[in-house]
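Enquirer: Take a look at work_34.cif, mmCIF, C-alpha atoms:
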```
data_entry
loop_
_atom_site.label_atom_id
_atom_site.label_comp_id
_atom_site.auth_asym_id
_atom_site.auth_seq_id
_atom_site.Cartn_x
_atom_site.Cartn_y
_atom_site.Cartn_z
CA MET I 1 72.72 122.20 114.84
CA GLU I 2 70.61 121.69 111.76
CA ASP I 3 71.53 119.09 109.11
CA VAL I 4 72.79 121.60 106.53
CA GLN I 5 75.11 123.27 109.04
CA LEU I 6 76.32 119.92 110.32
CA ILE I 7 77.04 118.72 106.78
CA ARG I 8 79.00 121.89 106.03
CA ALA I 9 80.91 121.55 109.30
CA LEU I 10 81.84 117.94 108.45
CA GLN I 11 82.77 118.80 104.87
CA THR I 12 85.05 121.62 106.04
CA ARG I 13 86.47 119.43 108.84
CA GLN I 14 85.54 121.87 111.61
CA ASP I 15 86.59 121.00 115.14
CA GLY I 16 83.88 119.15 117.02
CA ALA I 17 81.75 118.44 113.94
CA MET I 18 82.24 114.68 114.11
CA GLU I 19 81.38 114.65 117.82
CA GLN I 20 78.17 116.58 117.10
CA PHE I 21 77.37 114.18 114.29
CA GLN I 22 77.92 111.17 116.56
CA THR I 23 75.71 112.63 119.29
CA ALA I 24 72.92 113.33 116.82
CA TYR I 25 73.04 110.21 114.64
CA THR I 26 74.57 107.31 116.58
CA PRO I 27 71.15 106.16 117.87
CA LEU I 28 69.85 105.97 114.28
CA LEU I 29 72.94 104.08 113.13
CA ARG I 30 72.65 101.59 116.00
CA TYR I 31 68.95 101.11 115.21
CA ILE I 32 69.81 100.21 111.59
CA ILE I 33 72.72 97.91 112.50
CA ALA I 34 71.08 95.97 115.35
CA PRO I 35 68.75 93.66 113.38
CA ILE I 36 71.46 92.83 110.83
CA LEU I 37 74.32 92.03 113.21
CA PRO I 38 73.38 90.03 116.32
CA ASP I 39 76.87 90.17 117.92
CA GLU I 40 77.52 93.34 119.95
CA ARG I 41 81.22 93.42 118.98
CA ASP I 42 80.28 93.27 115.30
CA ARG I 43 77.82 96.11 115.87
CA GLU I 44 80.48 98.31 117.45
CA GLU I 45 83.01 97.57 114.69
CA CYS I 46 80.37 98.26 112.05
CA LEU I 47 79.46 101.54 113.74
CA SER I 48 83.13 102.55 113.67
CA ASP I 49 83.31 101.61 109.97
CA VAL I 50 80.23 103.70 109.22
CA LEU I 51 81.59 106.72 111.08
CA LEU I 52 84.86 106.42 109.16
CA ARG I 53 82.96 106.16 105.87
CA VAL I 54 80.93 109.24 106.76
CA TRP I 55 84.10 111.15 107.53
CA ASN I 56 85.77 110.02 104.29
CA SER I 57 82.78 110.41 101.96
CA ILE I 58 80.77 113.34 103.34
CA GLY I 59 82.30 115.46 100.59
CA THR I 60 80.38 113.45 97.99
CA PHE I 61 77.05 113.87 99.79
CA ASP I 62 74.64 116.13 97.91
CA PRO I 63 71.66 117.39 99.94
CA GLY I 64 69.89 118.10 96.64
CA LYS I 65 69.76 114.38 95.82
CA ALA I 66 68.70 112.91 99.16
CA ALA I 67 68.14 113.69 102.81
CA LEU I 68 71.04 113.08 105.16
CA THR I 69 69.09 110.38 107.01
CA THR I 70 68.40 108.56 103.72
CA TRP I 71 72.07 108.65 102.78
CA LEU I 72 73.08 107.48 106.25
CA THR I 73 70.51 104.68 106.21
CA HIS I 74 71.83 103.31 102.93
CA LEU I 75 75.45 103.69 103.97
CA THR I 76 74.86 102.00 107.34
CA ARG I 77 72.68 99.20 106.00
CA ASN I 78 75.23 98.36 103.29
CA ALA I 79 78.09 98.37 105.80
CA ALA I 80 76.20 96.05 108.15
CA LEU I 81 75.20 93.68 105.35
CA ASN I 82 78.77 93.60 104.05
CA ARG I 83 80.08 92.76 107.53
CA ARG I 84 77.49 89.99 107.89
CA ARG I 85 78.46 88.53 104.48
CA ALA I 86 82.14 88.64 105.40
CA ASN I 87 81.41 86.89 108.71
CA GLU I 88 79.44 84.19 106.90
CA ARG I 89 82.28 83.65 104.41
CA ARG I 90 84.78 83.34 107.25
CA ARG I 91 82.60 80.75 108.97
CA GLU I 92 82.34 78.84 105.70
CA GLY I 93 86.13 79.00 105.29
CA GLY I 94 86.05 81.22 102.23
CA ALA I 95 88.04 84.21 103.49
CA LEU I 96 90.96 85.29 101.32
CA ASP I 97 93.33 85.30 104.27
CA GLU I 98 92.65 81.67 105.03
CA ALA I 99 94.18 79.57 102.26
CA MET I 100 92.03 76.50 102.82
CA PRO I 101 93.60 73.43 101.29
CA ASP I 102 91.41 71.19 99.20
CA ALA I 103 91.05 67.69 100.63
CA ALA I 104 92.47 66.30 97.37
CA ASP I 105 95.55 68.56 97.56
CA GLY I 106 98.81 67.21 98.80
CA PRO I 107 101.12 69.13 101.13
CA GLU I 108 102.93 70.79 98.22
CA GLN I 109 99.72 72.11 96.67
CA SER I 110 98.52 73.37 100.05
CA LEU I 111 101.81 75.21 100.58
CA LEU I 112 101.64 76.76 97.09
CA LYS I 113 98.09 78.00 97.74
CA ALA I 114 99.12 79.50 101.07
CA GLU I 115 102.12 81.22 99.47
CA ALA I 116 99.97 82.57 96.63
CA ALA I 117 97.44 83.96 99.11
CA GLN I 118 100.23 85.62 101.11
CA ALA I 119 101.75 87.11 97.95
CA LEU I 120 98.35 88.50 96.95
CA TRP I 121 97.84 90.11 100.38
CA THR I 122 101.33 91.58 100.26
CA SER I 123 100.66 93.08 96.82
CA VAL I 124 97.24 94.39 97.86
CA GLY I 125 98.89 95.96 100.92
CA ARG I 126 101.23 97.92 98.64
CA LEU I 127 98.36 99.49 96.72
CA GLY I 128 97.35 103.05 97.46
CA ARG I 129 94.59 103.50 100.04
CA ARG I 130 91.85 104.21 97.51
CA ASP I 131 92.85 101.34 95.17
CA ARG I 132 93.12 98.93 98.10
CA ASP I 133 89.69 100.03 99.34
CA LEU I 134 88.14 99.47 95.88
CA PHE I 135 89.79 96.06 95.53
CA LEU I 136 88.67 94.86 98.95
CA ARG I 137 85.14 96.20 98.57
CA LYS I 138 84.70 94.38 95.27
CA TYR I 139 86.60 91.12 95.79
CA TYR I 140 86.58 90.61 99.56
CA TYR I 141 83.24 92.09 100.63
CA TYR I 142 81.58 91.32 97.26
CA GLN I 143 79.93 94.72 97.05
CA PRO I 144 78.14 95.44 93.78
CA THR I 145 79.99 97.84 91.49
CA ALA I 146 77.00 100.20 91.47
CA GLN I 147 77.09 100.43 95.27
CA ILE I 148 80.81 101.15 95.28
CA ALA I 149 80.34 103.82 92.63
CA ALA I 150 77.50 105.50 94.50
CA GLU I 151 79.36 105.55 97.82
CA CYS I 152 82.61 106.79 96.24
CA GLY I 153 80.98 109.44 94.07
CA LEU I 154 82.14 107.78 90.84
CA THR I 155 80.41 106.36 87.81
CA VAL I 156 80.06 102.60 87.41
CA ARG I 157 82.34 102.76 84.35
CA ALA I 158 85.01 104.62 86.34
CA VAL I 159 84.94 101.98 89.09
CA GLU I 160 85.09 99.15 86.53
CA GLY I 161 88.04 100.84 84.83
CA LYS I 162 89.89 101.32 88.10
CA LEU I 163 89.26 97.70 89.10
CA TYR I 164 90.52 96.50 85.72
CA ARG I 165 93.74 98.53 86.13
CA ILE I 166 94.19 97.27 89.70
CA ARG I 167 93.79 93.64 88.55
CA LYS I 168 96.28 94.15 85.72
CA HIS I 169 98.75 95.77 88.13
CA LEU I 170 98.41 92.87 90.59
CA GLN I 171 98.75 90.32 87.78
CA GLY I 172 101.96 92.02 86.72
CA GLU I 173 103.32 91.97 90.28
CA LEU I 174 102.33 88.35 90.81
CA GLY I 175 103.48 87.07 87.44
CA GLY I 176 99.96 86.60 86.05
CA VAL I 177 98.76 84.16 88.72
CA ILE I 178 95.60 86.02 89.82
CA HIS I 179 92.39 84.07 89.39
CA GLY I 180 88.83 85.30 89.62
#
```
Rewrite the coordinates I just gave you, this time as structure tokens.

Expert:
Amino acid sequence: MEDVQLIRALQTRQDGAMEQFQTAYTPLLRYIIAPILPDERDREECLSDVLLRVWNSIGTFDPGKAALTTWLTHLTRNAALNRRRANERRREGGALDEAMPDAADGPEQSLLKAEAAQALWTSVGRLGRRDRDLFLRKYYYYQPTAQIAAECGLTVRAVEGKLYRIRKHLQGELGGVIHG
């Protein structure tokens, strides 16, 4: 199946289109991911993330702007780099879900930090899927706003506006205790 037909089949959610896509493009995706992520489990999880992103964002792909392989290369490379950055942050103890107490903090301060982190995750979990995805991509994976905008088919200003509203919503839910 040629690229244009495959794109149309994916965009219209035809049966078997994703399987055909995987057969045709998984080797390319693995080739892009391999040098960025040394761990095989990370590679497989990244590949799954990329396939999900393709499924969710193929509607924004415009063959007039770029070739499918170019779009896939950028999407895959960014996903792999984001996973590597997140892994590095976790190793350094900077993940949001790990409320790392400061050595100077007492037990009360450590408990307050842990409770604040849990409250934030609970509030983020109540966001809609798209808002939660934007929030995590910006503040957990540290993706540039321009990258988020390009992959979501939005303008940079639209993404910045949505992120501002999400932050204000979370601040309201958490009583104004969001930092960053």

Enquirer: Go ahead and compute the interatomic distance for atom CA of I:Arg53 and atom CA of I:Tyr164, in Å to one decimal.

Expert: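 Distance reported for this atom pair: 23.6 Å.
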
Enquirer: Do you have, as JSON lines, the list of residues of stretch 43-115 of chain I lying at most 12 Å from stretch 129-144 of chain I, each with its nearest atom pair and that distance in Å to one decimal, counting only C-alpha atoms and ordered by chain then number?

Expert:
```
{"residue": "I:Arg53", "atom": "CA", "partner": "I:Asp133", "partner_atom": "CA", "distance": 11.2}
{"residue": "I:Asn56", "atom": "CA", "partner": "I:Arg130", "partner_atom": "CA", "distance": 10.8}
{"residue": "I:Ser57", "atom": "CA", "partner": "I:Arg130", "partner_atom": "CA", "distance": 11.9}
{"residue": "I:Asn78", "atom": "CA", "partner": "I:Gln143", "partner_atom": "CA", "distance": 8.6}
{"residue": "I:Ala79", "atom": "CA", "partner": "I:Tyr141", "partner_atom": "CA", "distance": 9.6}
{"residue": "I:Ala80", "atom": "CA", "partner": "I:Tyr141", "partner_atom": "CA", "distance": 11.0}
{"residue": "I:Leu81", "atom": "CA", "partner": "I:Tyr141", "partner_atom": "CA", "distance": 9.5}
{"residue": "I:Asn82", "atom": "CA", "partner": "I:Tyr141", "partner_atom": "CA", "distance": 5.8}
{"residue": "I:Arg83", "atom": "CA", "partner": "I:Tyr141", "partner_atom": "CA", "distance": 7.6}
{"residue": "I:Arg84", "atom": "CA", "partner": "I:Tyr141", "partner_atom": "CA", "distance": 9.5}
{"residue": "I:Arg85", "atom": "CA", "partner": "I:Tyr141", "partner_atom": "CA", "distance": 7.1}
{"residue": "I:Ala86", "atom": "CA", "partner": "I:Tyr141", "partner_atom": "CA", "distance": 6.0}
{"residue": "I:Asn87", "atom": "CA", "partner": "I:Tyr141", "partner_atom": "CA", "distance": 9.8}
{"residue": "I:Glu88", "atom": "CA", "partner": "I:Tyr141", "partner_atom": "CA", "distance": 10.8}
{"residue": "I:Arg89", "atom": "CA", "partner": "I:Tyr141", "partner_atom": "CA", "distance": 9.3}
{"residue": "I:Arg90", "atom": "CA", "partner": "I:Tyr140", "partner_atom": "CA", "distance": 10.7}
{"residue": "I:Gly94", "atom": "CA", "partner": "I:Tyr140", "partner_atom": "CA", "distance": 9.8}
{"residue": "I:Ala95", "atom": "CA", "partner": "I:Tyr140", "partner_atom": "CA", "distance": 7.7}
{"residue": "I:Leu96", "atom": "CA", "partner": "I:Tyr140", "partner_atom": "CA", "distance": 7.1}
{"residue": "I:Asp97", "atom": "CA", "partner": "I:Tyr140", "partner_atom": "CA", "distance": 9.8}
```

Enquirer: Between atom CA of I:Gly153 and atom CA of I:Gly64, measure the distance and give it in Å to one decimal.

Expert: 14.3 Å

Enquirer: Calculate how many Å separate atom CA of I:Leu111 from atom CA of I:Leu127, rounding to one decimal.

Expert: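 Atom-to-atom, atom CA of I:Leu111 and atom CA of I:Leu127 are spaced 24.8 Å apart.
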
Enquirer: Which of these, I:Leu174, I:Ala149, I:Val159, I:Val50, has the shortest distance to I:Ala116 once you count all atoms listed in the file?

Expert: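 Smallest separation from I:Ala116 among the options: I:Leu174.
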
Enquirer: Write out as a list in words each polymer residue whose atoms come within 12 Å of I:Gly59, counting all atoms listed in the file; drop sequence neighbours fewer than 2 positions from it.

Expert: Ile7, Arg8, Ala9, Leu10, Gln11, Thr12, Arg13, Arg53, Val54, Trp55, Asn56, Ser57, Phe61, Asp62, Pro63, Glu151, Cys152 and Gly153 of chain I

Enquirer: Compare I:Leu6, I:Leu120, I:Ile148, I:Ala114 by their minimum atom-to-atom distance to I:Leu75, counting only C-alpha atoms, and give me the closest one.

Expert: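 Selected residue with least distance to I:Leu75: I:Ile148.
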
Enquirer: Which residues match the PyMOL selection byres ((chain I and resi 34-41) around 9) in the file above, as a list in words?

Expert: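 Output from the PyMOL selection byres ((chain I and resi 34-41) around 9), applied to this file: Leu29, Arg30, Tyr31, Ile32, Ile33, Asp42, Arg43, Glu44, Glu45, Cys46, Arg77, Ala80, Leu81, Arg83 and Arg84 of chain I.
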
Enquirer: Box for stretch 86-92 of chain I: with edges along x, y and z, all listed atoms inside and 3 Å added on each side, what are the centre and edge lengths in Å to one decimal, as AutoDock Vina command-line options?

Expert:
```
--center_x 82.1 --center_y 83.7 --center_z 106.7 --size_x 11.3 --size_y 15.8 --size_z 10.6
```

Enquirer: Given all atoms listed in the file as the basis, pick out the residue of I:Leu72, I:Leu170, I:Val124, I:Ala66 nearest to I:Phe21.

Expert: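 Of I:Leu72, I:Leu170, I:Val124, I:Ala66, the one nearest I:Phe21, counting all atoms listed in the file, is I:Leu72.
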
Enquirer: Which of these, I:Ala67, I:Ile58, I:Arg157, I:Ser123, has the shortest distance to I:Met18 once you count only C-alpha atoms?

Expert: I:Ile58
